[in-house]
>>> print(open('query-v2.cif').read())   # mmCIF, C-alpha atoms
data_upload
#
loop_
_atom_site.label_atom_id
_atom_site.label_comp_id
_atom_site.auth_asym_id
_atom_site.auth_seq_id
_atom_site.Cartn_x
_atom_site.Cartn_y
_atom_site.Cartn_z
CA MET E 1 41.71 146.82 86.59
CA GLU E 2 40.52 144.32 84.00
CA GLN E 3 42.85 142.09 82.03
CA ALA E 4 44.12 144.52 79.43
CA ARG E 5 43.52 144.08 75.73
CA PRO E 6 46.67 144.67 73.58
CA ALA E 7 45.94 148.34 72.93
CA LEU E 8 45.03 149.01 76.56
CA ARG E 9 48.08 147.08 77.76
CA ARG E 10 50.31 149.37 75.68
CA THR E 11 48.56 152.30 77.32
CA LEU E 12 49.10 150.81 80.77
CA THR E 13 52.80 150.32 80.04
CA PHE E 14 53.58 153.84 78.89
CA ILE E 15 51.50 155.38 81.69
CA ALA E 16 53.33 153.38 84.34
CA ALA E 17 56.70 154.11 82.73
CA LEU E 18 56.00 157.81 83.05
CA SER E 19 54.51 157.64 86.51
CA LEU E 20 57.76 158.95 87.99
CA ALA E 21 56.65 162.36 86.81
CA ALA E 22 53.81 162.30 89.31
CA CYS E 23 53.88 163.62 92.89
CA GLY E 24 56.92 162.83 95.05
CA SER E 25 57.04 159.84 97.33
CA GLU E 26 55.63 159.99 100.80
CA GLN E 27 57.87 158.79 103.59
CA PRO E 28 56.88 155.42 105.06
CA ILE E 29 55.37 155.74 108.50
CA PRO E 30 57.12 153.44 110.99
CA GLY E 31 54.01 153.06 113.15
CA GLY E 32 52.04 151.71 110.19
CA ALA E 33 54.02 148.50 109.64
CA THR E 34 51.94 145.54 108.55
CA GLN E 35 51.68 142.33 110.52
CA ALA E 36 53.79 140.57 107.89
CA ALA E 37 56.54 143.14 108.36
CA ALA E 38 56.22 142.90 112.13
CA ASP E 39 56.52 139.11 112.00
CA HIS E 40 59.58 139.38 109.79
CA ALA E 41 61.17 141.89 112.14
CA ALA E 42 60.36 139.69 115.12
CA GLY E 43 62.06 136.75 113.44
CA GLN E 44 65.17 138.80 112.81
CA GLY E 45 65.24 140.04 116.38
CA ALA E 46 64.83 136.53 117.75
CA GLY E 47 67.75 135.36 115.64
CA GLN E 48 69.90 138.08 117.16
CA GLY E 49 68.83 137.34 120.70
CA GLU E 50 66.96 140.63 121.01
CA ALA E 51 63.72 140.97 122.96
CA THR E 52 60.66 141.84 120.90
CA THR E 53 57.44 143.54 121.93
CA PRO E 54 54.27 141.71 120.89
CA PRO E 55 51.62 143.72 119.02
CA ALA E 56 49.06 145.45 121.19
CA ALA E 57 45.79 143.58 121.61
CA PRO E 58 42.89 145.40 119.94
CA THR E 59 40.90 147.44 122.43
CA GLY E 60 37.88 149.69 122.42
CA PRO E 61 34.87 149.48 120.11
CA VAL E 62 34.93 147.79 116.73
CA ARG E 63 35.90 150.29 114.02
CA ARG E 64 34.30 149.37 110.69
CA ILE E 65 35.99 150.65 107.55
CA LEU E 66 34.65 150.43 104.00
CA ALA E 67 37.48 150.32 101.46
CA PHE E 68 35.70 151.33 98.25
CA GLY E 69 37.67 151.40 95.03
CA ASP E 70 39.05 149.56 92.02
CA SER E 71 41.73 146.92 91.48
CA LEU E 72 44.19 148.74 93.75
CA PHE E 73 41.87 147.78 96.60
CA ALA E 74 40.48 144.56 95.12
CA GLY E 75 43.97 143.06 95.13
CA TYR E 76 44.76 142.50 91.46
CA ASN E 77 46.78 139.31 90.95
CA VAL E 78 47.52 138.86 94.67
CA PRO E 79 45.76 136.64 97.25
CA LYS E 80 42.65 138.30 98.67
CA ASP E 81 44.06 138.11 102.18
CA GLN E 82 47.07 140.14 101.03
CA SER E 83 45.13 142.95 99.38
CA TYR E 84 45.49 146.49 100.68
CA PRO E 85 42.28 146.34 102.79
CA ALA E 86 43.28 143.01 104.36
CA GLU E 87 46.80 144.19 105.17
CA LEU E 88 45.45 147.50 106.46
CA GLU E 89 43.15 145.67 108.86
CA ARG E 90 46.08 143.66 110.21
CA ALA E 91 48.18 146.80 110.62
CA LEU E 92 45.44 148.63 112.51
CA ARG E 93 44.82 145.65 114.77
CA ALA E 94 48.56 145.41 115.43
CA ASP E 95 48.32 149.04 116.59
CA GLY E 96 45.57 148.08 119.04
CA ILE E 97 42.56 149.21 116.98
CA ASP E 98 39.73 146.68 116.73
CA ALA E 99 39.34 147.27 112.99
CA GLN E 100 37.15 145.43 110.49
CA VAL E 101 37.94 146.48 106.93
CA THR E 102 35.47 145.52 104.21
CA ASN E 103 37.06 145.16 100.79
CA ALA E 104 34.67 146.72 98.26
CA GLY E 105 37.22 147.04 95.47
CA VAL E 106 36.14 146.01 91.97
CA SER E 107 38.77 145.63 89.26
CA GLY E 108 38.10 147.80 86.24
CA ASP E 109 35.71 150.16 87.99
CA THR E 110 35.65 153.74 86.81
CA SER E 111 34.37 156.48 89.09
CA ALA E 112 31.03 156.25 87.25
CA ALA E 113 30.76 152.51 87.94
CA GLY E 114 31.62 153.12 91.58
CA ARG E 115 28.97 155.80 91.81
CA GLN E 116 26.36 153.39 90.45
CA ARG E 117 27.11 150.66 93.00
CA PHE E 118 27.83 152.74 96.08
CA ALA E 119 24.29 152.90 97.46
CA PHE E 120 23.85 149.15 97.01
CA THR E 121 27.17 148.50 98.74
CA LEU E 122 26.09 150.50 101.78
CA LYS E 123 22.70 148.77 101.93
CA SER E 124 24.37 145.38 101.83
CA MET E 125 26.43 146.11 104.95
CA GLU E 126 25.08 144.91 108.29
CA HIS E 127 26.50 147.95 110.08
CA LYS E 128 27.13 151.48 108.90
CA PRO E 129 30.89 152.00 108.45
CA ASP E 130 32.80 154.31 110.76
CA LEU E 131 34.95 155.40 107.83
CA LEU E 132 34.81 155.28 104.04
CA ILE E 133 38.16 155.10 102.24
CA LEU E 134 37.42 156.22 98.69
CA GLU E 135 39.89 155.20 95.98
CA LEU E 136 38.70 155.65 92.39
CA GLY E 137 39.85 157.46 89.26
CA GLY E 138 42.70 155.29 87.99
CA ASN E 139 40.58 153.68 85.29
CA ASP E 140 39.17 157.08 84.34
CA LEU E 141 42.76 158.17 83.79
CA LEU E 142 43.65 155.10 81.72
CA ARG E 143 40.65 155.71 79.48
CA GLY E 144 41.33 159.41 79.16
CA LEU E 145 37.94 160.31 80.62
CA SER E 146 37.12 163.88 81.47
CA PRO E 147 38.47 164.99 84.87
CA GLU E 148 35.23 166.91 85.29
CA GLN E 149 33.30 163.62 85.06
CA THR E 150 35.64 161.99 87.56
CA ARG E 151 35.16 164.87 89.96
CA ALA E 152 31.37 164.79 89.63
CA ASN E 153 31.22 161.06 90.29
CA LEU E 154 33.52 161.21 93.32
CA ALA E 155 31.57 164.18 94.65
CA ALA E 156 28.32 162.21 94.41
CA ILE E 157 29.84 159.33 96.40
CA ILE E 158 31.18 161.71 99.05
CA GLU E 159 27.84 163.46 99.36
CA ALA E 160 26.01 160.13 99.69
CA ALA E 161 28.36 159.09 102.47
CA GLN E 162 28.14 162.39 104.32
CA ALA E 163 24.35 162.30 104.06
CA GLN E 164 24.56 159.21 106.29
CA ASP E 165 27.18 160.77 108.59
CA ILE E 166 29.94 158.50 107.31
CA PRO E 167 33.38 160.16 107.44
CA VAL E 168 35.42 159.95 104.23
CA LEU E 169 39.13 159.57 103.59
CA LEU E 170 40.00 160.32 99.95
CA MET E 171 42.88 158.53 98.22
CA GLY E 172 44.27 160.70 95.42
CA LEU E 173 46.14 159.87 92.23
CA ALA E 174 48.35 161.86 89.84
CA ALA E 175 48.37 161.88 86.04
CA PRO E 176 51.59 161.16 84.10
CA ALA E 177 53.17 164.22 82.54
CA ASN E 178 52.82 163.10 78.91
CA PHE E 179 49.03 163.31 79.10
CA GLY E 180 49.57 166.98 78.39
CA GLY E 181 49.77 169.91 80.73
CA GLU E 182 46.10 170.86 80.51
CA TYR E 183 44.83 167.35 81.25
CA VAL E 184 47.38 166.77 84.01
CA SER E 185 46.48 170.03 85.73
CA ALA E 186 42.76 169.28 85.53
CA PHE E 187 43.08 165.69 86.76
CA ASP E 188 45.54 166.42 89.56
CA ALA E 189 43.27 169.20 90.84
CA VAL E 190 40.31 166.84 91.28
CA TYR E 191 41.32 165.32 94.60
CA PRO E 192 42.55 168.38 96.54
CA SER E 193 39.55 170.40 95.39
CA LEU E 194 37.16 167.70 96.61
CA ALA E 195 39.00 167.45 99.93
CA LYS E 196 38.70 171.20 100.39
CA GLN E 197 35.06 171.45 99.31
CA TYR E 198 33.84 168.62 101.52
CA ASP E 199 36.32 169.14 104.39
CA ILE E 200 37.68 165.60 104.23
CA PRO E 201 41.25 164.31 104.67
CA LEU E 202 43.23 163.45 101.55
CA ILE E 203 46.23 161.21 100.94
CA ALA E 204 47.65 162.79 97.80
CA ASN E 205 48.91 160.31 95.18
CA TRP E 206 48.64 157.48 97.66
CA VAL E 207 50.59 155.03 95.46
CA SER E 208 53.62 157.30 95.17
CA SER E 209 55.70 155.21 97.57
CA VAL E 210 55.89 152.34 95.03
CA GLU E 211 56.08 154.40 91.82
CA ALA E 212 59.85 154.75 92.01
CA ARG E 213 60.31 151.10 93.03
CA PRO E 214 59.83 148.91 89.91
CA GLU E 215 60.63 145.80 91.93
CA LEU E 216 57.48 146.49 93.98
CA ARG E 217 55.21 146.56 90.93
CA GLN E 218 53.84 143.68 88.90
CA GLN E 219 54.71 143.02 85.26
CA ASP E 220 52.02 145.46 84.11
CA ARG E 221 54.10 148.11 85.91
CA ILE E 222 50.98 149.50 87.56
CA HIS E 223 49.68 147.19 90.26
CA PRO E 224 51.77 146.68 93.40
CA THR E 225 53.19 143.31 94.38
CA GLU E 226 52.49 141.86 97.82
CA GLU E 227 55.62 143.63 99.08
CA GLY E 228 54.46 146.83 97.41
CA ILE E 229 51.13 146.58 99.21
CA ASP E 230 53.02 146.23 102.48
CA LEU E 231 54.79 149.52 101.73
CA LEU E 232 51.53 151.23 100.78
CA VAL E 233 50.00 150.17 104.08
CA ALA E 234 53.07 151.34 106.00
CA SER E 235 52.92 154.75 104.29
CA THR E 236 49.18 155.30 104.80
CA SER E 237 47.99 153.48 107.92
CA GLU E 238 48.78 156.38 110.24
CA ARG E 239 46.60 158.65 108.11
CA VAL E 240 43.80 156.09 108.27
CA GLU E 241 44.10 156.03 112.06
CA ALA E 242 43.93 159.84 112.11
CA ALA E 243 40.80 159.77 109.93
CA LEU E 244 39.18 157.31 112.33
CA ALA E 245 40.01 159.54 115.26
CA ARG E 246 38.67 162.57 113.40
#
>>> encode(input="query-v2.cif", output="structure tokens")
Amino acid sequence: MEQARPALRRTLTFIAALSLAACGSEQPIPGGATQAAADHAAGQGAGQGEATTPPAAPTGPVRRILAFGDSLFAGYNVPKDQSYPAELERALRADGIDAQVTNAGVSGDTSAAGRQRFAFTLKSMEHKPDLLILELGGNDLLRGLSPEQTRANLAAIIEAAQAQDIPVLLMGLAAPANFGGEYVSAFDAVYPSLAKQYDIPLIANWVSSVEARPELRQQDRIHPTEEGIDLLVASTSERVEAALAR
């Protein structure tokens, strides 16, 4: 998301402060640990004289993943090589999958902006991706845009991907309760309804694992820290692997 102006920053702050009202946290998936976490664990084990098992070497065909979203994928205020797509690639490779994850996150993108650039993004890729991970809607929420518009834009992206036989994994979000019951209900329904209509897997409120952990969020209280990204990868990588297998 773009550097917030004063008014927008106030909006960001109260939204994040109320994010605990969103969907409950998902349980971290042990098999989805990132390479950084694995290295840390290996160091601890070595210090205790315990034997450690090295990560599996990637096998099989290259699995190309397009991570298409906003600042949550772009890696706001963290090194590019520690963004969610970069850490996800390391986690998948540590699990033996020869993954190549392309980071197509653009900070500040709304679903409409993503819709406009999606076709160009696909054309710019040397190989068609084996999986599209679609993560948009957070900036729509911050701007109070119509959930119907968000749904229409995400639907257009999904349809464009499916027209090229590209499987889609949808990353959902949840609206804070103080947006009002009507808006919250409409926004929260966007992602499950799309998943049902297009028969695609959904990770509901995919950032929920860091929402209740303020120490894993940056000063804006929205974007995850590097450690928060590690937790997000750990709590979602198994679902990504399942989507690849699907």
>>> residues_near_point(input="query-v2.cif", point="(32.1, 156.3, 94.0)", cutoff="10 Å", atoms="only C-alpha atoms", output="ChimeraX atom specification")
/E:68-70,109-119,134-137,150-161
>>> write_last_selection(input="query-v2.cif", atoms="C-alpha atoms", output="CSV table (one decimal), in the coordinates of the input")
chain,number,residue,atom,x,y,z
E,68,PHE,CA,35.7,151.3,98.2
E,69,GLY,CA,37.7,151.4,95.0
E,70,ASP,CA,39.0,149.6,92.0
E,109,ASP,CA,35.7,150.2,88.0
E,110,THR,CA,35.6,153.7,86.8
E,111,SER,CA,34.4,156.5,89.1
E,112,ALA,CA,31.0,156.2,87.2
E,113,ALA,CA,30.8,152.5,87.9
E,114,GLY,CA,31.6,153.1,91.6
E,115,ARG,CA,29.0,155.8,91.8
E,116,GLN,CA,26.4,153.4,90.4
E,117,ARG,CA,27.1,150.7,93.0
E,118,PHE,CA,27.8,152.7,96.1
E,119,ALA,CA,24.3,152.9,97.5
E,134,LEU,CA,37.4,156.2,98.7
E,135,GLU,CA,39.9,155.2,96.0
E,136,LEU,CA,38.7,155.6,92.4
E,137,GLY,CA,39.8,157.5,89.3
E,150,THR,CA,35.6,162.0,87.6
E,151,ARG,CA,35.2,164.9,90.0
E,152,ALA,CA,31.4,164.8,89.6
E,153,ASN,CA,31.2,161.1,90.3
E,154,LEU,CA,33.5,161.2,93.3
E,155,ALA,CA,31.6,164.2,94.6
E,156,ALA,CA,28.3,162.2,94.4
E,157,ILE,CA,29.8,159.3,96.4
E,158,ILE,CA,31.2,161.7,99.0
E,159,GLU,CA,27.8,163.5,99.4
E,160,ALA,CA,26.0,160.1,99.7
E,161,ALA,CA,28.4,159.1,102.5
>>> closest_residue(input="query-v2.cif", among="E:Ala163, E:Leu216, E:Val106, E:Ala204", to="Tyr76 in chain E", atoms="only C-alpha atoms")
E:Val106
>>> residues_near_point(input="query-v2.cif", point="(54.3, 144.5, 93.5)", cutoff="12 Å", atoms="all atoms listed in the file", output="PDB file with C-alpha atoms, keeping the file's coordinate frame")
ATOM      1  CA  LEU E  72      44.190 148.740  93.750  1.00  0.00           C
ATOM      2  CA  GLY E  75      43.970 143.060  95.130  1.00  0.00           C
ATOM      3  CA  TYR E  76      44.760 142.500  91.460  1.00  0.00           C
ATOM      4  CA  ASN E  77      46.780 139.310  90.950  1.00  0.00           C
ATOM      5  CA  VAL E  78      47.520 138.860  94.670  1.00  0.00           C
ATOM      6  CA  GLN E  82      47.070 140.140 101.030  1.00  0.00           C
ATOM      7  CA  SER E  83      45.130 142.950  99.380  1.00  0.00           C
ATOM      8  CA  TYR E  84      45.490 146.490 100.680  1.00  0.00           C
ATOM      9  CA  VAL E 207      50.590 155.030  95.460  1.00  0.00           C
ATOM     10  CA  SER E 209      55.700 155.210  97.570  1.00  0.00           C
ATOM     11  CA  VAL E 210      55.890 152.340  95.030  1.00  0.00           C
ATOM     12  CA  GLU E 211      56.080 154.400  91.820  1.00  0.00           C
ATOM     13  CA  ALA E 212      59.850 154.750  92.010  1.00  0.00           C
ATOM     14  CA  ARG E 213      60.310 151.100  93.030  1.00  0.00           C
ATOM     15  CA  PRO E 214      59.830 148.910  89.910  1.00  0.00           C
ATOM     16  CA  GLU E 215      60.630 145.800  91.930  1.00  0.00           C
ATOM     17  CA  LEU E 216      57.480 146.490  93.980  1.00  0.00           C
ATOM     18  CA  ARG E 217      55.210 146.560  90.930  1.00  0.00           C
ATOM     19  CA  GLN E 218      53.840 143.680  88.900  1.00  0.00           C
ATOM     20  CA  GLN E 219      54.710 143.020  85.260  1.00  0.00           C
ATOM     21  CA  ASP E 220      52.020 145.460  84.110  1.00  0.00           C
ATOM     22  CA  ARG E 221      54.100 148.110  85.910  1.00  0.00           C
ATOM     23  CA  ILE E 222      50.980 149.500  87.560  1.00  0.00           C
ATOM     24  CA  HIS E 223      49.680 147.190  90.260  1.00  0.00           C
ATOM     25  CA  PRO E 224      51.770 146.680  93.400  1.00  0.00           C
ATOM     26  CA  THR E 225      53.190 143.310  94.380  1.00  0.00           C
ATOM     27  CA  GLU E 226      52.490 141.860  97.820  1.00  0.00           C
ATOM     28  CA  GLU E 227      55.620 143.630  99.080  1.00  0.00           C
ATOM     29  CA  GLY E 228      54.460 146.830  97.410  1.00  0.00           C
ATOM     30  CA  ILE E 229      51.130 146.580  99.210  1.00  0.00           C
ATOM     31  CA  ASP E 230      53.020 146.230 102.480  1.00  0.00           C
ATOM     32  CA  LEU E 231      54.790 149.520 101.730  1.00  0.00           C
ATOM     33  CA  LEU E 232      51.530 151.230 100.780  1.00  0.00           C
TER      34      LEU E 232
END
>>> residues_around(input="query-v2.cif", residues="range 187-190 of chain E", least_positions_apart="2", cutoff="8 Å", atoms="all atoms listed in the file", output="PyMOL selection string")
chain E and resi 147-148+150-151+173-175+183-185+192-194
>>> atom_distance(input="query-v2.cif", atom1="CA of Thr102 in chain E", atom2="CA of Val240 in chain E")
14.1 Å
>>> atom_distance(input="query-v2.cif", atom1="CA of Gly96 in chain E", atom2="CA of Pro79 in chain E")
24.6 Å
>>> residues_around(input="query-v2.cif", residues="Pro129 in chain E", least_positions_apart="3", cutoff="10 Å", atoms="all atoms listed in the file", output="list in words")
Arg63, Arg64, Ile65, Leu66, Ala67, Gln100, Val101, Thr102, Leu122, Met125, Glu126, Leu132, Ala161, Gln164, Asp165, Ile166 and Pro167 of chain E
>>> atom_distance(input="query-v2.cif", atom1="CA of Arg246 in chain E", atom2="CA of Gln197 in chain E")
17.0 Å
>>> closest_residue(input="query-v2.cif", among="E:Ala74, E:Arg143, E:His127, E:Leu170", to="Asp199 in chain E", atoms="all atoms listed in the file")
E:Leu170
>>> build_atoms(input="query-v2.cif", residues="range 175-203 of chain E", atoms="N, CA and C atoms", output="short mmCIF file (atom, residue, chain, number, x, y, z; two decimals), in the frame of the given file")
data_model
loop_
_atom_site.label_atom_id
_atom_site.label_comp_id
_atom_site.auth_asym_id
_atom_site.auth_seq_id
_atom_site.Cartn_x
_atom_site.Cartn_y
_atom_site.Cartn_z
N ALA E 175 48.27 162.24 87.46
CA ALA E 175 48.37 161.88 86.04
C ALA E 175 49.81 161.99 85.56
N PRO E 176 50.26 161.07 84.68
CA PRO E 176 51.59 161.16 84.10
C PRO E 176 51.73 162.42 83.25
N ALA E 177 52.94 162.93 83.19
CA ALA E 177 53.17 164.22 82.54
C ALA E 177 52.84 164.22 81.06
N ASN E 178 53.01 163.07 80.36
CA ASN E 178 52.82 163.10 78.91
C ASN E 178 51.35 163.06 78.49
N PHE E 179 50.44 163.15 79.46
CA PHE E 179 49.03 163.31 79.10
C PHE E 179 48.76 164.74 78.64
N GLY E 180 49.74 165.59 78.81
CA GLY E 180 49.57 166.98 78.39
C GLY E 180 49.28 167.86 79.59
N GLY E 181 49.86 169.04 79.57
CA GLY E 181 49.77 169.91 80.73
C GLY E 181 48.35 170.24 81.14
N GLU E 182 47.48 170.48 80.18
CA GLU E 182 46.10 170.86 80.51
C GLU E 182 45.36 169.72 81.20
N TYR E 183 45.52 168.50 80.66
CA TYR E 183 44.83 167.35 81.25
C TYR E 183 45.41 167.05 82.64
N VAL E 184 46.73 167.06 82.73
CA VAL E 184 47.38 166.77 84.01
C VAL E 184 46.92 167.74 85.09
N SER E 185 46.90 169.02 84.75
CA SER E 185 46.48 170.03 85.73
C SER E 185 45.03 169.81 86.17
N ALA E 186 44.17 169.49 85.20
CA ALA E 186 42.76 169.28 85.53
C ALA E 186 42.56 168.03 86.37
N PHE E 187 43.25 166.93 86.01
CA PHE E 187 43.08 165.69 86.76
C PHE E 187 43.67 165.81 88.16
N ASP E 188 44.87 166.33 88.25
CA ASP E 188 45.54 166.42 89.56
C ASP E 188 44.80 167.35 90.52
N ALA E 189 44.02 168.27 89.98
CA ALA E 189 43.27 169.20 90.84
C ALA E 189 42.01 168.57 91.41
N VAL E 190 41.58 167.45 90.86
CA VAL E 190 40.31 166.84 91.28
C VAL E 190 40.30 166.53 92.76
N TYR E 191 41.33 165.83 93.22
CA TYR E 191 41.32 165.32 94.60
C TYR E 191 41.48 166.42 95.66
N PRO E 192 42.46 167.31 95.52
CA PRO E 192 42.55 168.38 96.54
C PRO E 192 41.33 169.30 96.56
N SER E 193 40.73 169.53 95.40
CA SER E 193 39.55 170.40 95.39
C SER E 193 38.37 169.74 96.09
N LEU E 194 38.22 168.43 95.91
CA LEU E 194 37.16 167.70 96.61
C LEU E 194 37.41 167.70 98.12
N ALA E 195 38.67 167.47 98.50
CA ALA E 195 39.00 167.45 99.93
C ALA E 195 38.68 168.79 100.58
N LYS E 196 38.97 169.86 99.86
CA LYS E 196 38.70 171.20 100.39
C LYS E 196 37.20 171.48 100.45
N GLN E 197 36.49 171.15 99.37
CA GLN E 197 35.06 171.45 99.31
C GLN E 197 34.28 170.72 100.38
N TYR E 198 34.62 169.44 100.60
CA TYR E 198 33.84 168.62 101.52
C TYR E 198 34.50 168.45 102.90
N ASP E 199 35.62 169.16 103.10
CA ASP E 199 36.32 169.14 104.39
C ASP E 199 36.63 167.70 104.82
N ILE E 200 37.30 166.97 103.93
CA ILE E 200 37.68 165.60 104.23
C ILE E 200 39.19 165.45 104.07
N PRO E 201 39.80 164.53 104.81
CA PRO E 201 41.25 164.31 104.67
C PRO E 201 41.58 163.66 103.33
N LEU E 202 42.77 163.96 102.84
CA LEU E 202 43.23 163.45 101.55
C LEU E 202 44.64 162.89 101.70
N ILE E 203 44.87 161.72 101.12
CA ILE E 203 46.23 161.21 100.94
C ILE E 203 46.56 161.42 99.47
#
